[in-house]
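Trainee: Quick one, data.csv (CSV, C-alpha atoms):
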chain,number,residue,atom,x,y,z
E,139,MET,CA,46.2,63.9,22.7
E,140,SER,CA,43.0,65.8,23.4
E,141,ASP,CA,41.8,68.9,21.7
E,142,ARG,CA,41.9,72.4,23.0
E,143,ILE,CA,38.7,74.4,23.4
E,144,ILE,CA,38.1,78.1,23.6
E,145,ILE,CA,36.2,79.1,26.7
E,146,GLN,CA,34.7,82.4,27.5
E,147,ALA,CA,33.6,83.2,31.1
E,148,THR,CA,33.5,86.0,33.5
E,149,ILE,CA,35.9,85.3,36.3
E,150,ASN,CA,36.1,87.6,39.3
E,151,GLY,CA,34.2,90.2,37.4
E,152,GLU,CA,36.5,90.1,34.4
E,153,ALA,CA,35.4,88.7,31.0
E,154,LEU,CA,38.1,86.2,30.0
E,155,GLU,CA,38.7,84.0,27.0
E,156,PHE,CA,41.2,81.1,27.4
E,157,LEU,CA,42.2,77.8,25.9
E,158,ALA,CA,41.7,74.6,27.9
E,159,ASP,CA,42.3,71.0,27.2
E,160,GLU,CA,38.9,69.3,26.7
E,161,ARG,CA,39.7,67.1,29.7
E,162,ASP,CA,40.6,69.9,32.0
E,163,SER,CA,38.6,70.4,35.2
E,164,LEU,CA,37.7,73.9,36.1
E,165,LEU,CA,40.3,73.6,38.9
E,166,ASP,CA,43.0,72.8,36.3
E,167,ALA,CA,41.9,75.7,34.1
E,168,LEU,CA,41.8,78.2,36.9
E,169,ARG,CA,45.2,77.3,38.2
E,170,GLU,CA,47.2,76.2,35.0
E,171,ARG,CA,45.5,78.2,32.3
E,172,ILE,CA,44.5,81.4,34.1
E,173,GLY,CA,47.0,81.5,36.9
E,174,LEU,CA,44.6,81.8,39.8
E,175,MET,CA,46.6,79.9,42.5
E,176,GLY,CA,44.2,80.7,45.4
E,177,VAL,CA,42.0,77.8,44.3
E,178,LYS,CA,43.7,74.8,46.0
E,179,GLU,CA,43.8,71.2,45.0
E,180,GLY,CA,43.1,69.0,48.0
E,181,CYS,CA,41.5,65.7,47.2
E,182,ASN,CA,40.6,66.2,43.5
E,183,ASN,CA,37.4,64.2,44.0
E,184,GLY,CA,35.0,66.7,45.6
E,185,ASN,CA,35.4,65.6,49.2
E,186,CYS,CA,37.5,68.4,50.8
E,187,GLY,CA,36.2,71.7,49.5
E,188,ALA,CA,39.6,73.3,49.1
E,189,CYS,CA,38.8,74.1,45.4
E,190,ALA,CA,35.4,75.7,46.1
E,191,VAL,CA,34.2,78.5,43.8
E,192,ILE,CA,30.9,80.3,43.2
E,193,MET,CA,29.6,79.5,39.7
E,194,ASP,CA,26.5,81.3,38.6
E,195,GLY,CA,25.5,81.9,42.2
E,196,ARG,CA,26.1,78.3,43.3
E,197,LEU,CA,28.8,76.9,45.4
E,198,VAL,CA,30.7,74.1,43.5
E,199,ASN,CA,33.9,72.2,43.9
E,200,SER,CA,35.9,73.2,40.8
E,201,CYS,CA,37.6,69.8,40.7
E,202,CYS,CA,34.2,68.2,39.8
E,203,VAL,CA,33.3,70.7,37.0
E,204,MET,CA,34.8,70.3,33.6
E,205,ALA,CA,36.2,73.5,32.2
E,206,ALA,CA,34.0,73.1,29.1
E,207,GLU,CA,30.9,73.4,31.3
E,208,VAL,CA,31.8,77.0,32.3
E,209,GLN,CA,31.2,78.5,28.9
E,210,GLY,CA,29.4,81.8,29.6
E,211,ALA,CA,29.4,81.3,33.3
E,212,GLN,CA,30.2,83.8,36.1
E,213,ILE,CA,32.8,82.5,38.5
E,214,THR,CA,34.1,83.9,41.7
E,215,THR,CA,37.3,82.5,43.3
E,216,VAL,CA,38.9,83.5,46.5
E,217,GLU,CA,40.9,86.1,44.6
E,218,GLY,CA,37.6,87.7,43.6
E,219,LEU,CA,36.6,88.2,47.3
E,220,ALA,CA,39.3,90.9,47.9
E,221,LEU,CA,39.2,93.1,44.8
E,222,ASP,CA,38.9,96.2,46.9
E,223,GLY,CA,40.8,95.1,50.1
E,224,LEU,CA,39.9,92.4,52.5
E,225,SER,CA,36.3,91.4,52.7
E,226,PRO,CA,34.7,91.4,56.1
E,227,LEU,CA,34.8,87.7,56.1
E,228,GLN,CA,38.5,87.6,55.3
E,229,GLN,CA,39.2,90.2,58.0
E,230,ALA,CA,37.2,88.0,60.5
E,231,PHE,CA,39.2,85.0,59.6
E,232,LEU,CA,42.4,86.9,60.5
E,233,GLU,CA,40.9,88.3,63.7
E,234,GLU,CA,39.6,84.9,64.9
E,235,ALA,CA,42.8,83.1,63.8
E,236,ALA,CA,40.6,80.8,61.7
E,237,LEU,CA,43.5,79.7,59.5
E,238,GLN,CA,46.8,77.9,59.9
E,239,CYS,CA,48.4,76.1,56.9
E,240,GLY,CA,46.2,77.8,54.3
E,241,ILE,CA,45.3,74.8,52.1
E,242,CYS,CA,41.6,74.8,53.2
E,243,THR,CA,41.3,78.5,53.8
E,244,PRO,CA,40.3,79.6,50.2
E,245,GLY,CA,37.6,77.0,50.1
E,246,PHE,CA,36.2,78.0,53.5
E,247,LEU,CA,36.2,81.7,52.5
E,248,VAL,CA,34.4,81.0,49.3
E,249,ALA,CA,31.9,78.6,50.9
E,250,SER,CA,31.3,81.0,53.8
E,251,THR,CA,30.7,83.9,51.3
E,252,ALA,CA,28.2,81.8,49.4
E,253,LEU,CA,26.4,81.0,52.7
E,254,LEU,CA,26.3,84.7,53.8
E,255,GLU,CA,25.0,85.7,50.4
E,256,GLN,CA,22.1,83.2,50.9
E,257,ASN,CA,21.6,83.6,54.6
E,258,PRO,CA,23.1,86.8,56.1
E,259,SER,CA,22.2,85.7,59.7
E,260,PRO,CA,23.1,82.0,60.0
E,261,THR,CA,22.9,80.2,63.3
E,262,GLU,CA,25.9,78.2,64.4
E,263,HIS,CA,24.1,75.0,63.4
E,264,GLU,CA,23.5,76.4,59.9
E,265,ILE,CA,27.1,77.5,59.5
E,266,ARG,CA,28.4,74.0,60.5
E,267,PHE,CA,25.9,72.3,58.2
E,268,TRP,CA,26.8,74.6,55.3
E,269,LEU,CA,30.6,74.1,55.8
E,270,ALA,CA,30.3,70.3,56.2
E,271,GLY,CA,31.8,69.8,52.7
E,272,ASN,CA,35.0,71.7,53.7
E,273,LEU,CA,37.7,69.8,55.6
E,274,CYS,CA,40.4,71.3,57.8
E,275,ARG,CA,43.2,69.3,59.4
E,276,CYS,CA,44.8,72.2,61.4
E,277,THR,CA,42.4,74.6,63.2
E,278,GLY,CA,39.4,72.6,64.2
E,279,TYR,CA,36.2,74.2,63.2
E,280,ASP,CA,35.3,76.4,66.2
E,281,LYS,CA,37.5,79.4,65.0
E,282,ILE,CA,36.1,79.2,61.5
E,283,VAL,CA,32.5,79.2,62.8
E,284,ARG,CA,33.3,82.1,65.0
E,285,ALA,CA,34.8,84.0,62.1
E,286,VAL,CA,31.7,83.5,60.0
E,287,GLN,CA,29.5,84.6,62.9
E,288,SER,CA,31.6,87.7,63.4
E,289,ALA,CA,31.6,88.6,59.8
E,290,ALA,CA,27.8,88.1,59.6
E,291,THR,CA,27.4,90.5,62.6
E,292,LYS,CA,29.7,93.1,61.0
E,293,MET,CA,28.0,92.9,57.6
E,294,LYS,CA,24.6,93.5,59.1
E,295,GLY,CA,25.5,96.6,60.9
I'd like the structure from this file rewritten - as structure tokens, please.
Mentor:
Amino acid sequence: MSDRIIIQATINGEALEFLADERDSLLDALRERIGLMGVKEGCNNGNCGACAVIMDGRLVNSCCVMAAEVQGAQITTVEGLALDGLSPLQQAFLEEAALQCGICTPGFLVASTALLEQNPSPTEHEIRFWLAGNLCRCTGYDKIVRAVQSAATKMKG
């Protein structure tokens, strides 16, 4: 049996303190300890991007980060994107029908948010390159790319 550790982090703008098993991944802690079910488990080995979060301004797969590593960190999950209604990116995903089953959608939204924070005017090539770590088995990628382009345009003007 492993030990529990106390972790303090800011998650979606809220300072939280929670107990985690020393072997918990950030994905496990977010879902099982905090109850943020928008973060999805896809592959659990860093290959699909369904569990993507923004940690201290960097896009990471939460299944590949140990919960203990987030002590003092600032984390944004998909739930943190819509604190005051849908974000322009979320609205664009709806308008462009860039989602189907929903397993990959949170990861795509978080990854696209991280992209637009770093590059508010990405080209189609830059969007596709940035999202290469996110896998979708339902929509194909064209609608997702169009949604990111649409959101970028709306956010600029």
Trainee: Considering only C-alpha atoms, tabulate each residue of range 180-272 of chain E that lies at most 9 Å from range 139-149 of chain E along with its nearest interatomic pair and the corresponding distance in Å to one decimal; arrange the rows by chain and ascending residue number and present them as a tab-separated table.
Mentor:
residue	atom	partner	partner_atom	distance
E:Ala205	CA	E:Ile145	CA	7.8
E:Ala206	CA	E:Ile145	CA	6.8
E:Val208	CA	E:Ala147	CA	6.6
E:Gln209	CA	E:Gln146	CA	5.4
E:Gly210	CA	E:Ala147	CA	4.7
E:Ala211	CA	E:Ala147	CA	5.1
E:Gln212	CA	E:Thr148	CA	4.7
E:Ile213	CA	E:Ile149	CA	4.7
E:Thr214	CA	E:Ile149	CA	5.9
E:Thr215	CA	E:Ile149	CA	7.7
E:Gly218	CA	E:Ile149	CA	7.9
Trainee: Using all atoms listed in the file, find the one residue out of E:Leu254, E:Leu232, E:Ile241, E:Met204 that sits nearest to Glu160 in chain E.
Mentor: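 Checking each candidate against Glu160 in chain E, we get E:Met204 as the closest.
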Trainee: Could you tell me which of E:Glu155, E:Glu264, E:Glu234, E:Glu217 comes closest to Ile192 in chain E if we count only C-alpha atoms?
Mentor: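 When distances to Ile192 in chain E are compared using only C-alpha atoms, the smallest one comes from E:Glu217.
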Trainee: Could you check which residues have any atom within 8 Å of (45.9, 78.6, 25.8), counting all atoms listed in the file with coordinates taken straight from the file, and then list them as a list in words?
Mentor: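 So the residues meeting the distance criterion are Arg142, Phe156, Leu157, Ala158 and Arg171 of chain E.
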Trainee: If you count all atoms listed in the file, which residues fall within 7 Å of Asn199 in chain E, apart from same-chain ones fewer than 6 positions away, as a list in words?
Mentor: Gly184, Gly187, Cys189, Ala190 and Val191 of chain E
Trainee: What does the structure give for the distance between CA of Cys276 in chain E and CA of Cys239 in chain E, in Å to one decimal?
Mentor: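 Distance between the two atoms: 7.0 Å.
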Trainee: What is the distance between CA of Asp280 in chain E and CA of Cys202 in chain E, in Å to one decimal?
Mentor: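 Rounded to one decimal, the two atoms are 27.7 Å apart.
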Trainee: Write out as CSV a residue-level contact list of range 235-294 of chain E versus range 220-227 of chain E with cut-off 9 Å: for each qualifying residue the closest pair of atoms and the distance in Å to one decimal, counting all atoms listed in the file, rows sorted by chain and residue number upward.
Mentor:
residue,atom,partner,partner_atom,distance
E:Leu247,CA,E:Leu227,CA,7.1
E:Ser250,CA,E:Leu227,CA,7.9
E:Thr251,CA,E:Leu227,CA,7.4
E:Ala285,CA,E:Leu227,CA,7.0
E:Val286,CA,E:Leu227,CA,6.5
E:Ser288,CA,E:Leu227,CA,8.0
E:Ala289,CA,E:Leu227,CA,5.0
E:Ala290,CA,E:Leu227,CA,7.8
E:Lys292,CA,E:Pro226,CA,7.2
E:Met293,CA,E:Pro226,CA,7.0
Trainee: So that I can check the surroundings of Asn185 in chain E, please list as a PyMOL selection string every protein, DNA and RNA residue that reaches within 10 Å of it, counting all atoms listed in the file and ignoring chain neighbours fewer than 3 positions away.
Mentor: chain E and resi 180-182+188-189+199+201-202+270-273
Trainee: With C-alpha atoms retained, could you export that selection as a short mmCIF file (atom, residue, chain, number, x, y, z; two decimals), in the frame of the given file?
Mentor:
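Contents of out-v8.cif, freshly written:
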data_model
loop_
_atom_site.label_atom_id
_atom_site.label_comp_id
_atom_site.auth_asym_id
_atom_site.auth_seq_id
_atom_site.Cartn_x
_atom_site.Cartn_y
_atom_site.Cartn_z
CA GLY E 180 43.10 69.00 48.00
CA CYS E 181 41.50 65.70 47.20
CA ASN E 182 40.60 66.20 43.50
CA ALA E 188 39.60 73.30 49.10
CA CYS E 189 38.80 74.10 45.40
CA ASN E 199 33.90 72.20 43.90
CA CYS E 201 37.60 69.80 40.70
CA CYS E 202 34.20 68.20 39.80
CA ALA E 270 30.30 70.30 56.20
CA GLY E 271 31.80 69.80 52.70
CA ASN E 272 35.00 71.70 53.70
CA LEU E 273 37.70 69.80 55.60
#
